[in-house]
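S.K.: Structure file query_7.cif, mmCIF, N, CA and C atoms, is pasted below:
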data_structure
#
loop_
_atom_site.label_atom_id
_atom_site.label_comp_id
_atom_site.auth_asym_id
_atom_site.auth_seq_id
_atom_site.Cartn_x
_atom_site.Cartn_y
_atom_site.Cartn_z
N MET A 25 101.47 39.94 39.94
CA MET A 25 101.14 41.30 40.34
C MET A 25 101.77 41.60 41.69
N SER A 26 102.27 42.79 41.85
CA SER A 26 102.91 43.20 43.09
C SER A 26 101.89 43.49 44.17
N SER A 27 102.32 43.34 45.42
CA SER A 27 101.53 43.76 46.57
C SER A 27 102.26 44.93 47.21
N TYR A 28 101.52 45.73 47.96
CA TYR A 28 102.07 46.95 48.54
C TYR A 28 101.84 46.99 50.03
N ILE A 29 102.69 47.76 50.69
CA ILE A 29 102.58 47.95 52.12
C ILE A 29 102.48 49.45 52.38
N VAL A 30 101.67 49.82 53.35
CA VAL A 30 101.52 51.22 53.72
C VAL A 30 101.39 51.30 55.24
N GLY A 31 101.96 52.35 55.82
CA GLY A 31 101.95 52.48 57.26
C GLY A 31 100.79 53.30 57.79
N HIS A 32 100.42 53.01 59.02
CA HIS A 32 99.45 53.81 59.77
C HIS A 32 100.19 54.23 61.05
N LEU A 33 100.42 55.53 61.21
CA LEU A 33 101.16 56.03 62.36
C LEU A 33 100.19 56.38 63.48
N SER A 34 100.13 55.52 64.48
CA SER A 34 99.13 55.71 65.54
C SER A 34 99.34 57.00 66.32
N GLU A 35 100.60 57.47 66.46
CA GLU A 35 100.81 58.71 67.22
C GLU A 35 100.29 59.94 66.48
N GLU A 36 100.15 59.85 65.15
CA GLU A 36 99.62 60.97 64.37
C GLU A 36 98.14 60.80 64.01
N GLN A 37 97.74 59.55 63.76
CA GLN A 37 96.39 59.29 63.26
C GLN A 37 95.49 58.59 64.26
N GLY A 38 95.97 58.33 65.45
CA GLY A 38 95.21 57.58 66.44
C GLY A 38 95.32 56.08 66.15
N PRO A 39 94.85 55.26 67.05
CA PRO A 39 94.96 53.82 66.85
C PRO A 39 94.20 53.38 65.59
N VAL A 40 94.77 52.43 64.87
CA VAL A 40 94.14 51.96 63.64
C VAL A 40 92.75 51.38 63.90
N THR A 41 92.54 50.83 65.08
CA THR A 41 91.22 50.26 65.40
C THR A 41 90.14 51.33 65.42
N SER A 42 90.51 52.60 65.57
CA SER A 42 89.51 53.68 65.59
C SER A 42 88.88 53.90 64.21
N ILE A 43 89.50 53.38 63.14
CA ILE A 43 88.93 53.54 61.80
C ILE A 43 88.32 52.22 61.28
N TYR A 44 88.33 51.18 62.10
CA TYR A 44 87.85 49.87 61.65
C TYR A 44 86.39 49.90 61.20
N LYS A 45 85.57 50.71 61.84
CA LYS A 45 84.15 50.81 61.44
C LYS A 45 84.05 51.21 59.96
N ASP A 46 84.85 52.19 59.57
CA ASP A 46 84.85 52.66 58.18
C ASP A 46 85.53 51.66 57.25
N VAL A 47 86.62 51.06 57.71
CA VAL A 47 87.36 50.09 56.90
C VAL A 47 86.49 48.87 56.59
N ARG A 48 85.68 48.45 57.56
CA ARG A 48 84.79 47.30 57.34
C ARG A 48 83.79 47.59 56.22
N LYS A 49 83.35 48.84 56.12
CA LYS A 49 82.40 49.22 55.07
C LYS A 49 83.10 49.28 53.72
N VAL A 50 84.19 50.02 53.64
CA VAL A 50 84.96 50.18 52.41
C VAL A 50 86.44 50.29 52.79
N PRO A 51 87.23 49.25 52.51
CA PRO A 51 88.66 49.30 52.85
C PRO A 51 89.37 50.45 52.14
N PHE A 52 90.36 51.05 52.82
CA PHE A 52 91.09 52.17 52.23
C PHE A 52 92.43 52.33 52.91
N SER A 53 93.29 53.12 52.28
CA SER A 53 94.56 53.55 52.87
C SER A 53 94.98 54.84 52.17
N TYR A 54 95.94 55.54 52.77
CA TYR A 54 96.40 56.81 52.25
C TYR A 54 97.90 56.76 51.94
N THR A 55 98.32 57.56 50.96
CA THR A 55 99.73 57.70 50.62
C THR A 55 99.93 59.00 49.85
N SER A 56 101.17 59.41 49.71
CA SER A 56 101.49 60.55 48.86
C SER A 56 102.33 60.11 47.66
N LYS A 57 102.52 58.82 47.51
CA LYS A 57 103.32 58.29 46.40
C LYS A 57 102.42 57.98 45.21
N LYS A 58 102.45 58.85 44.22
CA LYS A 58 101.55 58.74 43.06
C LYS A 58 101.72 57.44 42.31
N ASN A 59 102.93 57.10 41.92
CA ASN A 59 103.17 55.91 41.11
C ASN A 59 102.68 54.65 41.82
N GLU A 60 103.05 54.49 43.08
CA GLU A 60 102.65 53.31 43.84
C GLU A 60 101.12 53.27 44.02
N ALA A 61 100.52 54.42 44.32
CA ALA A 61 99.06 54.48 44.51
C ALA A 61 98.33 54.05 43.24
N GLU A 62 98.80 54.55 42.10
CA GLU A 62 98.14 54.20 40.83
C GLU A 62 98.35 52.73 40.47
N LEU A 63 99.56 52.22 40.66
CA LEU A 63 99.82 50.81 40.35
C LEU A 63 99.05 49.88 41.28
N ALA A 64 98.97 50.23 42.55
CA ALA A 64 98.24 49.40 43.51
C ALA A 64 96.77 49.28 43.14
N SER A 65 96.21 50.32 42.54
CA SER A 65 94.78 50.33 42.21
C SER A 65 94.42 49.42 41.04
N GLU A 66 95.41 48.75 40.49
CA GLU A 66 95.16 47.83 39.37
C GLU A 66 94.92 46.40 39.86
N GLY A 67 94.43 46.26 41.10
CA GLY A 67 94.08 44.95 41.63
C GLY A 67 95.11 44.34 42.55
N SER A 68 96.03 45.15 43.05
CA SER A 68 97.05 44.66 43.98
C SER A 68 96.49 44.59 45.39
N TYR A 69 97.14 43.76 46.20
CA TYR A 69 96.80 43.71 47.62
C TYR A 69 97.60 44.77 48.35
N VAL A 70 96.94 45.46 49.27
CA VAL A 70 97.57 46.48 50.10
C VAL A 70 97.50 45.99 51.54
N TYR A 71 98.65 45.98 52.21
CA TYR A 71 98.76 45.59 53.61
C TYR A 71 99.01 46.84 54.44
N VAL A 72 98.21 47.03 55.48
CA VAL A 72 98.33 48.22 56.32
C VAL A 72 98.99 47.81 57.64
N ILE A 73 100.11 48.46 57.92
CA ILE A 73 100.91 48.19 59.11
C ILE A 73 100.80 49.37 60.06
N GLU A 74 100.45 49.09 61.31
CA GLU A 74 100.39 50.14 62.32
C GLU A 74 101.73 50.20 63.04
N LYS A 75 102.29 51.40 63.10
CA LYS A 75 103.52 51.62 63.86
C LYS A 75 103.13 52.27 65.18
N GLU A 76 103.51 51.62 66.26
CA GLU A 76 103.16 52.11 67.59
C GLU A 76 104.44 52.25 68.41
N LYS A 77 104.56 53.34 69.11
CA LYS A 77 105.72 53.55 70.00
C LYS A 77 105.36 53.07 71.39
N VAL A 78 106.23 52.20 71.93
CA VAL A 78 106.09 51.74 73.31
C VAL A 78 107.41 52.09 73.99
N GLY A 79 107.38 53.16 74.77
CA GLY A 79 108.62 53.67 75.33
C GLY A 79 109.49 54.19 74.19
N ARG A 80 110.69 53.64 74.07
CA ARG A 80 111.60 54.06 73.00
C ARG A 80 111.57 53.08 71.83
N LYS A 81 110.77 52.04 71.95
CA LYS A 81 110.75 50.98 70.95
C LYS A 81 109.55 51.13 70.01
N ASN A 82 109.78 50.88 68.72
CA ASN A 82 108.70 50.85 67.75
C ASN A 82 108.18 49.42 67.61
N ILE A 83 106.87 49.27 67.67
CA ILE A 83 106.22 47.98 67.47
C ILE A 83 105.45 48.08 66.16
N PHE A 84 105.62 47.09 65.30
CA PHE A 84 104.92 47.06 64.02
C PHE A 84 103.86 45.98 64.08
N LYS A 85 102.62 46.36 63.72
CA LYS A 85 101.50 45.43 63.81
C LYS A 85 100.77 45.37 62.47
N LEU A 86 100.40 44.17 62.08
CA LEU A 86 99.58 44.00 60.88
C LEU A 86 98.13 44.27 61.27
N ALA A 87 97.51 45.23 60.58
CA ALA A 87 96.14 45.63 60.91
C ALA A 87 95.12 45.02 59.94
N TYR A 88 95.33 45.23 58.64
CA TYR A 88 94.40 44.69 57.65
C TYR A 88 95.03 44.69 56.27
N SER A 89 94.38 43.96 55.36
CA SER A 89 94.77 43.99 53.95
C SER A 89 93.50 43.99 53.12
N TYR A 90 93.61 44.44 51.89
CA TYR A 90 92.48 44.45 50.97
C TYR A 90 92.99 44.46 49.54
N LYS A 91 92.11 44.08 48.62
CA LYS A 91 92.45 44.12 47.20
C LYS A 91 92.01 45.48 46.66
N CYS A 92 92.98 46.27 46.24
CA CYS A 92 92.76 47.66 45.84
C CYS A 92 92.36 47.75 44.37
N THR A 93 91.33 48.54 44.09
CA THR A 93 90.88 48.71 42.71
C THR A 93 90.62 50.17 42.33
N GLU A 94 90.87 51.10 43.24
CA GLU A 94 90.63 52.52 42.95
C GLU A 94 91.70 53.38 43.61
N CYS A 95 91.97 54.51 42.97
CA CYS A 95 92.90 55.51 43.50
C CYS A 95 92.29 56.88 43.25
N PHE A 96 92.24 57.69 44.29
CA PHE A 96 91.68 59.04 44.17
C PHE A 96 92.67 60.07 44.69
N ARG A 97 92.70 61.19 44.01
CA ARG A 97 93.42 62.37 44.51
C ARG A 97 92.35 63.33 45.00
N LYS A 98 92.53 63.85 46.20
CA LYS A 98 91.52 64.74 46.77
C LYS A 98 91.54 66.09 46.07
N ALA A 99 90.38 66.52 45.63
CA ALA A 99 90.26 67.82 44.97
C ALA A 99 90.41 68.93 46.01
N GLY A 100 91.31 69.85 45.76
CA GLY A 100 91.44 71.03 46.61
C GLY A 100 92.07 70.79 47.97
N GLY A 101 92.87 69.80 48.11
CA GLY A 101 93.52 69.59 49.41
C GLY A 101 94.14 68.21 49.52
N LYS A 102 94.32 67.80 50.75
CA LYS A 102 94.94 66.51 51.03
C LYS A 102 94.06 65.71 51.98
N TRP A 103 94.14 64.40 51.87
CA TRP A 103 93.44 63.51 52.79
C TRP A 103 94.09 63.65 54.16
N LEU A 104 93.31 63.84 55.19
CA LEU A 104 93.79 64.04 56.56
C LEU A 104 94.79 65.21 56.65
N GLY A 105 94.71 66.13 55.69
CA GLY A 105 95.60 67.27 55.67
C GLY A 105 97.04 66.94 55.34
N LYS A 106 97.31 65.69 54.90
CA LYS A 106 98.69 65.25 54.73
C LYS A 106 98.94 64.41 53.48
N PHE A 107 97.97 63.61 53.05
CA PHE A 107 98.18 62.62 51.99
C PHE A 107 97.52 63.04 50.69
N ASP A 108 98.23 62.80 49.58
CA ASP A 108 97.72 63.18 48.26
C ASP A 108 96.74 62.16 47.67
N TYR A 109 96.89 60.87 48.04
CA TYR A 109 96.09 59.82 47.40
C TYR A 109 95.41 58.92 48.42
N LYS A 110 94.23 58.47 48.02
CA LYS A 110 93.49 57.49 48.81
C LYS A 110 93.27 56.28 47.91
N ASN A 111 93.73 55.13 48.37
CA ASN A 111 93.47 53.88 47.67
C ASN A 111 92.28 53.21 48.34
N THR A 112 91.43 52.59 47.52
CA THR A 112 90.24 51.95 48.05
C THR A 112 89.73 50.92 47.02
N VAL A 113 88.46 50.58 47.09
CA VAL A 113 87.86 49.62 46.16
C VAL A 113 86.71 50.28 45.42
N LYS A 114 86.41 49.76 44.24
CA LYS A 114 85.29 50.28 43.46
C LYS A 114 84.00 50.12 44.25
N TYR A 115 83.09 51.04 44.03
CA TYR A 115 81.80 51.02 44.70
C TYR A 115 81.14 49.66 44.52
N GLU A 116 80.65 49.12 45.62
CA GLU A 116 79.94 47.84 45.68
C GLU A 116 80.83 46.62 45.46
N GLN A 117 82.15 46.77 45.50
CA GLN A 117 83.04 45.61 45.52
C GLN A 117 83.42 45.35 46.96
N ASP A 118 83.67 44.10 47.30
CA ASP A 118 83.98 43.80 48.70
C ASP A 118 85.43 44.08 49.08
N GLY A 119 86.34 44.16 48.13
CA GLY A 119 87.72 44.49 48.42
C GLY A 119 88.51 43.38 49.07
N GLU A 120 87.88 42.23 49.28
CA GLU A 120 88.57 41.08 49.89
C GLU A 120 89.30 41.48 51.17
N LEU A 121 88.60 42.22 52.02
CA LEU A 121 89.16 42.70 53.27
C LEU A 121 89.50 41.54 54.21
N LYS A 122 90.71 41.60 54.76
CA LYS A 122 91.13 40.72 55.85
C LYS A 122 91.56 41.65 56.97
N LEU A 123 90.89 41.55 58.11
CA LEU A 123 91.10 42.49 59.20
C LEU A 123 91.48 41.75 60.47
N LEU A 124 92.48 42.22 61.18
CA LEU A 124 92.89 41.65 62.46
C LEU A 124 92.48 42.61 63.57
N ASP A 125 91.60 42.16 64.43
CA ASP A 125 91.11 42.99 65.52
C ASP A 125 91.26 42.25 66.84
N PRO A 126 92.28 42.58 67.61
CA PRO A 126 93.23 43.67 67.46
C PRO A 126 94.33 43.32 66.46
N PRO A 127 95.05 44.34 65.98
CA PRO A 127 96.18 44.08 65.09
C PRO A 127 97.22 43.19 65.78
N LEU A 128 97.90 42.37 64.99
CA LEU A 128 98.90 41.45 65.54
C LEU A 128 100.31 41.99 65.35
N ALA A 129 101.11 41.88 66.40
CA ALA A 129 102.51 42.31 66.32
C ALA A 129 103.26 41.43 65.34
N ILE A 130 104.04 42.03 64.50
CA ILE A 130 104.88 41.31 63.55
C ILE A 130 106.17 40.97 64.29
N THR A 131 106.48 39.68 64.36
CA THR A 131 107.64 39.24 65.13
C THR A 131 108.78 38.72 64.26
N ASP A 132 108.57 38.62 62.96
CA ASP A 132 109.61 38.14 62.06
C ASP A 132 110.72 39.17 61.96
N SER A 133 111.90 38.83 62.47
CA SER A 133 113.00 39.80 62.55
C SER A 133 113.49 40.24 61.18
N ASP A 134 113.47 39.34 60.19
CA ASP A 134 113.90 39.73 58.84
C ASP A 134 112.94 40.76 58.25
N PHE A 135 111.63 40.53 58.43
CA PHE A 135 110.64 41.49 57.95
C PHE A 135 110.86 42.84 58.62
N ILE A 136 110.99 42.85 59.93
CA ILE A 136 111.15 44.10 60.67
C ILE A 136 112.40 44.85 60.20
N SER A 137 113.49 44.13 60.01
CA SER A 137 114.72 44.77 59.52
C SER A 137 114.50 45.39 58.15
N TRP A 138 113.83 44.68 57.26
CA TRP A 138 113.54 45.22 55.93
C TRP A 138 112.65 46.45 56.03
N TYR A 139 111.58 46.34 56.81
CA TYR A 139 110.61 47.42 56.92
C TYR A 139 111.23 48.70 57.48
N LYS A 140 112.09 48.57 58.47
CA LYS A 140 112.71 49.73 59.11
C LYS A 140 113.64 50.50 58.16
N THR A 141 114.20 49.82 57.17
CA THR A 141 115.16 50.47 56.27
C THR A 141 114.49 51.17 55.09
N LYS A 142 113.21 51.01 54.93
CA LYS A 142 112.51 51.59 53.78
C LYS A 142 111.98 52.98 54.11
N ALA A 143 111.92 53.82 53.10
CA ALA A 143 111.38 55.15 53.27
C ALA A 143 109.89 55.06 53.61
N LEU A 144 109.40 56.07 54.27
CA LEU A 144 107.98 56.09 54.61
C LEU A 144 107.13 56.13 53.35
N GLY A 145 105.92 55.69 53.47
CA GLY A 145 104.99 55.72 52.34
C GLY A 145 104.75 54.34 51.77
N MET A 146 103.91 54.28 50.79
CA MET A 146 103.55 53.03 50.15
C MET A 146 104.74 52.49 49.36
N ARG A 147 104.93 51.17 49.43
CA ARG A 147 106.01 50.55 48.66
C ARG A 147 105.70 49.09 48.35
N VAL A 148 106.38 48.56 47.35
CA VAL A 148 106.21 47.16 46.95
C VAL A 148 106.79 46.26 48.03
N ILE A 149 106.10 45.14 48.28
CA ILE A 149 106.57 44.16 49.25
C ILE A 149 107.27 43.03 48.50
N PRO A 150 108.51 42.70 48.86
CA PRO A 150 109.14 41.52 48.28
C PRO A 150 108.33 40.26 48.63
N THR A 151 108.32 39.31 47.73
CA THR A 151 107.51 38.09 47.88
C THR A 151 107.72 37.40 49.22
N GLU A 152 108.98 37.28 49.65
CA GLU A 152 109.25 36.56 50.90
C GLU A 152 108.64 37.25 52.11
N TYR A 153 108.50 38.56 52.06
CA TYR A 153 107.90 39.27 53.19
C TYR A 153 106.38 39.30 53.10
N GLU A 154 105.86 39.25 51.90
CA GLU A 154 104.40 39.14 51.77
C GLU A 154 103.92 37.83 52.38
N SER A 155 104.69 36.76 52.21
CA SER A 155 104.29 35.47 52.76
C SER A 155 104.24 35.51 54.30
N VAL A 156 105.12 36.31 54.92
CA VAL A 156 105.09 36.49 56.38
C VAL A 156 103.75 37.11 56.78
N LEU A 157 103.32 38.13 56.05
CA LEU A 157 102.07 38.82 56.36
C LEU A 157 100.86 37.94 56.10
N LYS A 158 100.85 37.25 54.95
CA LYS A 158 99.73 36.35 54.62
C LYS A 158 99.53 35.30 55.70
N ALA A 159 100.63 34.76 56.21
CA ALA A 159 100.55 33.71 57.24
C ALA A 159 99.91 34.19 58.53
N MET A 160 99.96 35.49 58.79
CA MET A 160 99.38 36.03 60.01
C MET A 160 97.86 36.05 59.99
N PHE A 161 97.25 35.92 58.82
CA PHE A 161 95.80 35.92 58.71
C PHE A 161 95.18 34.54 58.91
N VAL A 162 96.01 33.53 59.02
CA VAL A 162 95.48 32.15 59.15
C VAL A 162 95.09 31.86 60.58
#
Taking this structure as input, can you express it in the form of structure tokens?
M.R.:
Amino acid sequence: MSSYIVGHLSEEQGPVTSIYKDVRKVPFSYTSKKNEAELASEGSYVYVIEKEKVGRKNIFKLAYSYKCTECFRKAGGKWLGKFDYKNTVKYEQDGELKLLDPPLAITDSDFISWYKTKALGMRVIPTEYESVLKAMFV
């Protein structure tokens, strides 16, 4: 089964740690990519990466991951006024949340190069880059 990556833009959404209270209760992420959102909800792991600007440089940090089992489209609007889909876990499931508080900077140059070249939004993570992220939780 594929795993997915989704970004959290701190300059638009505030620091990812500001939503940790809610994430601890029920893990979630947002996207506008229908196909990826629906496929992820079939039990895939979703990794949330925070992009932070420090001066002119972008810093990418691993914030949390969870096992996704639900996908919702917001009726009559968008999540946060911007996103079409919310991925989360079924009611009363733990979602296998792994949370880094504070988020850890990703230092693997191959991962960063790959991540920078991809379009914004949710996307499949190649196996070799998922292993970089998994190792950060140890």
S.K.: Can you measure CA of Ser56 (chain A) to atom N of Met146 (chain A) for me? One decimal in Å is fine.
M.R.: 7.0 Å
S.K.: Specify as number ranges by chain each residue included when the PyMOL selection byres (((chain A and resi 68 and name CA) around 12) and name CA) is applied to this file.
M.R.: A: 25-29, 60-67, 69-71, 89-95, 111-113, 119-120, 147-149
S.K.: For Gly38 (chain A), which residue out of A:Tyr115, A:Arg97, A:Leu104, A:Asn59 is the nearest one, using only C-alpha atoms?
M.R.: A:Leu104
S.K.: Can you tell me which residues surround Asp125 (chain A) at a distance of at most 8 Å, considering all atoms listed in the file, apart from same-chain residues fewer than 3 positions away, and format the answer as a list in words?
M.R.: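 Non-adjacent residues within range: Thr41, Leu86, Ala87, Tyr88, Lys122 and Leu128 of chain A.
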S.K.: I'd like to see the residues matched by the PyMOL selection byres (((chain A and resi 136 and name CA) around 12) and name CA) on this file, and ideally I'd get them as an MDAnalysis selection string.
M.R.: chainID A and resid 73 75 82:86 129:135 137:142 153 156:157
S.K.: Each side padded by 6 Å, which centre and which edge lengths in Å (one decimal) define the axis-aligned box around the listed atoms of region 41-46 of chain A? Give them as AutoDock Vina command-line options.
M.R.:
--center_x 88.3 --center_y 51.9 --center_z 61.4 --size_x 20.5 --size_y 16.0 --size_z 20.3
S.K.: Check the smallest atom-to-atom distance from each of A:Pro150, A:Val50, A:Lys106, A:Glu76 to Asp118 (chain A) using all atoms listed in the file, then report the winner.
M.R.: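 So, comparing all the options, the nearest one is A:Val50.
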S.K.: Please measure the separation of atom C of Lys57 (chain A) and atom N of Ala99 (chain A), giving the value in Å to one decimal.
M.R.: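 Value for the atom C of Lys57 (chain A)-atom N of Ala99 (chain A) distance: 14.8 Å.
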S.K.: Leaving out Lys110 (chain A) and any residue of its chain fewer than 6 positions from it, which residues lie within 5 Å of it when counting all atoms listed in the file, given as JSON, numbers by chain?
M.R.: {"A": [53, 54, 95, 96]}
S.K.: Which of chain A end up as strand (DSSP E) when DSSP is run on this backbone - answer as a PyMOL selection string?
M.R.: chain A and resi 28-33+53-55+69-78+81-91+94-97+109-112+122-129+147-148
S.K.: When you draw a straight line from atom C of Asp108 (chain A) to atom C of Leu121 (chain A), how long is it in Å?
M.R.: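 Computed distance, atom C of Asp108 (chain A) to atom C of Leu121 (chain A), equals 22.8 Å.
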S.K.: What residues in chain A get the DSSP label alpha helix (DSSP H)? Please answer as JSON, numbers by chain.
M.R.: {"A": [34, 35, 36, 37, 44, 45, 46, 47, 48, 49, 58, 59, 60, 61, 62, 63, 64, 133, 134, 135, 136, 137, 138, 139, 140, 141, 151, 152, 153, 154, 155, 156, 157, 158, 159]}
S.K.: Quick one: write out the picked residues with N, CA and C atoms as a short mmCIF file (atom, residue, chain, number, x, y, z; two decimals), in the coordinates of the input?
M.R.:
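The new file result_18.cif reads:
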data_model
loop_
_atom_site.label_atom_id
_atom_site.label_comp_id
_atom_site.auth_asym_id
_atom_site.auth_seq_id
_atom_site.Cartn_x
_atom_site.Cartn_y
_atom_site.Cartn_z
N SER A 34 100.13 55.52 64.48
CA SER A 34 99.13 55.71 65.54
C SER A 34 99.34 57.00 66.32
N GLU A 35 100.60 57.47 66.46
CA GLU A 35 100.81 58.71 67.22
C GLU A 35 100.29 59.94 66.48
N GLU A 36 100.15 59.85 65.15
CA GLU A 36 99.62 60.97 64.37
C GLU A 36 98.14 60.80 64.01
N GLN A 37 97.74 59.55 63.76
CA GLN A 37 96.39 59.29 63.26
C GLN A 37 95.49 58.59 64.26
N TYR A 44 88.33 51.18 62.10
CA TYR A 44 87.85 49.87 61.65
C TYR A 44 86.39 49.90 61.20
N LYS A 45 85.57 50.71 61.84
CA LYS A 45 84.15 50.81 61.44
C LYS A 45 84.05 51.21 59.96
N ASP A 46 84.85 52.19 59.57
CA ASP A 46 84.85 52.66 58.18
C ASP A 46 85.53 51.66 57.25
N VAL A 47 86.62 51.06 57.71
CA VAL A 47 87.36 50.09 56.90
C VAL A 47 86.49 48.87 56.59
N ARG A 48 85.68 48.45 57.56
CA ARG A 48 84.79 47.30 57.34
C ARG A 48 83.79 47.59 56.22
N LYS A 49 83.35 48.84 56.12
CA LYS A 49 82.40 49.22 55.07
C LYS A 49 83.10 49.28 53.72
N LYS A 58 102.45 58.85 44.22
CA LYS A 58 101.55 58.74 43.06
C LYS A 58 101.72 57.44 42.31
N ASN A 59 102.93 57.10 41.92
CA ASN A 59 103.17 55.91 41.11
C ASN A 59 102.68 54.65 41.82
N GLU A 60 103.05 54.49 43.08
CA GLU A 60 102.65 53.31 43.84
C GLU A 60 101.12 53.27 44.02
N ALA A 61 100.52 54.42 44.32
CA ALA A 61 99.06 54.48 44.51
C ALA A 61 98.33 54.05 43.24
N GLU A 62 98.80 54.55 42.10
CA GLU A 62 98.14 54.20 40.83
C GLU A 62 98.35 52.73 40.47
N LEU A 63 99.56 52.22 40.66
CA LEU A 63 99.82 50.81 40.35
C LEU A 63 99.05 49.88 41.28
N ALA A 64 98.97 50.23 42.55
CA ALA A 64 98.24 49.40 43.51
C ALA A 64 96.77 49.28 43.14
N SER A 133 111.90 38.83 62.47
CA SER A 133 113.00 39.80 62.55
C SER A 133 113.49 40.24 61.18
N ASP A 134 113.47 39.34 60.19
CA ASP A 134 113.90 39.73 58.84
C ASP A 134 112.94 40.76 58.25
N PHE A 135 111.63 40.53 58.43
CA PHE A 135 110.64 41.49 57.95
C PHE A 135 110.86 42.84 58.62
N ILE A 136 110.99 42.85 59.93
CA ILE A 136 111.15 44.10 60.67
C ILE A 136 112.40 44.85 60.20
N SER A 137 113.49 44.13 60.01
CA SER A 137 114.72 44.77 59.52
C SER A 137 114.50 45.39 58.15
N TRP A 138 113.83 44.68 57.26
CA TRP A 138 113.54 45.22 55.93
C TRP A 138 112.65 46.45 56.03
N TYR A 139 111.58 46.34 56.81
CA TYR A 139 110.61 47.42 56.92
C TYR A 139 111.23 48.70 57.48
N LYS A 140 112.09 48.57 58.47
CA LYS A 140 112.71 49.73 59.11
C LYS A 140 113.64 50.50 58.16
N THR A 141 114.20 49.82 57.17
CA THR A 141 115.16 50.47 56.27
C THR A 141 114.49 51.17 55.09
N THR A 151 108.32 39.31 47.73
CA THR A 151 107.51 38.09 47.88
C THR A 151 107.72 37.40 49.22
N GLU A 152 108.98 37.28 49.65
CA GLU A 152 109.25 36.56 50.90
C GLU A 152 108.64 37.25 52.11
N TYR A 153 108.50 38.56 52.06
CA TYR A 153 107.90 39.27 53.19
C TYR A 153 106.38 39.30 53.10
N GLU A 154 105.86 39.25 51.90
CA GLU A 154 104.40 39.14 51.77
C GLU A 154 103.92 37.83 52.38
N SER A 155 104.69 36.76 52.21
CA SER A 155 104.29 35.47 52.76
C SER A 155 104.24 35.51 54.30
N VAL A 156 105.12 36.31 54.92
CA VAL A 156 105.09 36.49 56.38
C VAL A 156 103.75 37.11 56.78
N LEU A 157 103.32 38.13 56.05
CA LEU A 157 102.07 38.82 56.36
C LEU A 157 100.86 37.94 56.10
N LYS A 158 100.85 37.25 54.95
CA LYS A 158 99.73 36.35 54.62
C LYS A 158 99.53 35.30 55.70
N ALA A 159 100.63 34.76 56.21
CA ALA A 159 100.55 33.71 57.24
C ALA A 159 99.91 34.19 58.53
#
S.K.: Could all heavy atoms be built for region 98-102 of chain A and written out as a compact mmCIF listing (two decimals), in the frame of the given file?
M.R.:
# COMPACT_ATOMS: atom_id res chain seq x y z
N LYS A 98 92.53 63.85 46.20
CA LYS A 98 91.52 64.74 46.77
C LYS A 98 91.54 66.09 46.07
O LYS A 98 92.58 66.72 45.93
CB LYS A 98 91.76 64.92 48.26
CG LYS A 98 90.64 65.68 48.94
CD LYS A 98 90.74 65.61 50.43
CE LYS A 98 89.52 66.27 51.04
NZ LYS A 98 89.48 66.10 52.47
N ALA A 99 90.38 66.52 45.63
CA ALA A 99 90.26 67.82 44.97
C ALA A 99 90.41 68.93 46.01
O ALA A 99 89.74 68.91 47.04
CB ALA A 99 88.92 67.93 44.28
N GLY A 100 91.31 69.85 45.76
CA GLY A 100 91.44 71.03 46.61
C GLY A 100 92.07 70.79 47.97
O GLY A 100 91.77 71.53 48.90
N GLY A 101 92.87 69.80 48.11
CA GLY A 101 93.52 69.59 49.41
C GLY A 101 94.14 68.21 49.52
O GLY A 101 94.45 67.57 48.52
N LYS A 102 94.32 67.80 50.75
CA LYS A 102 94.94 66.51 51.03
C LYS A 102 94.06 65.71 51.98
O LYS A 102 93.34 66.28 52.79
CB LYS A 102 96.32 66.71 51.64
CG LYS A 102 97.31 67.38 50.69
CD LYS A 102 98.68 67.53 51.34
CE LYS A 102 99.66 68.18 50.42
NZ LYS A 102 100.41 67.26 49.62
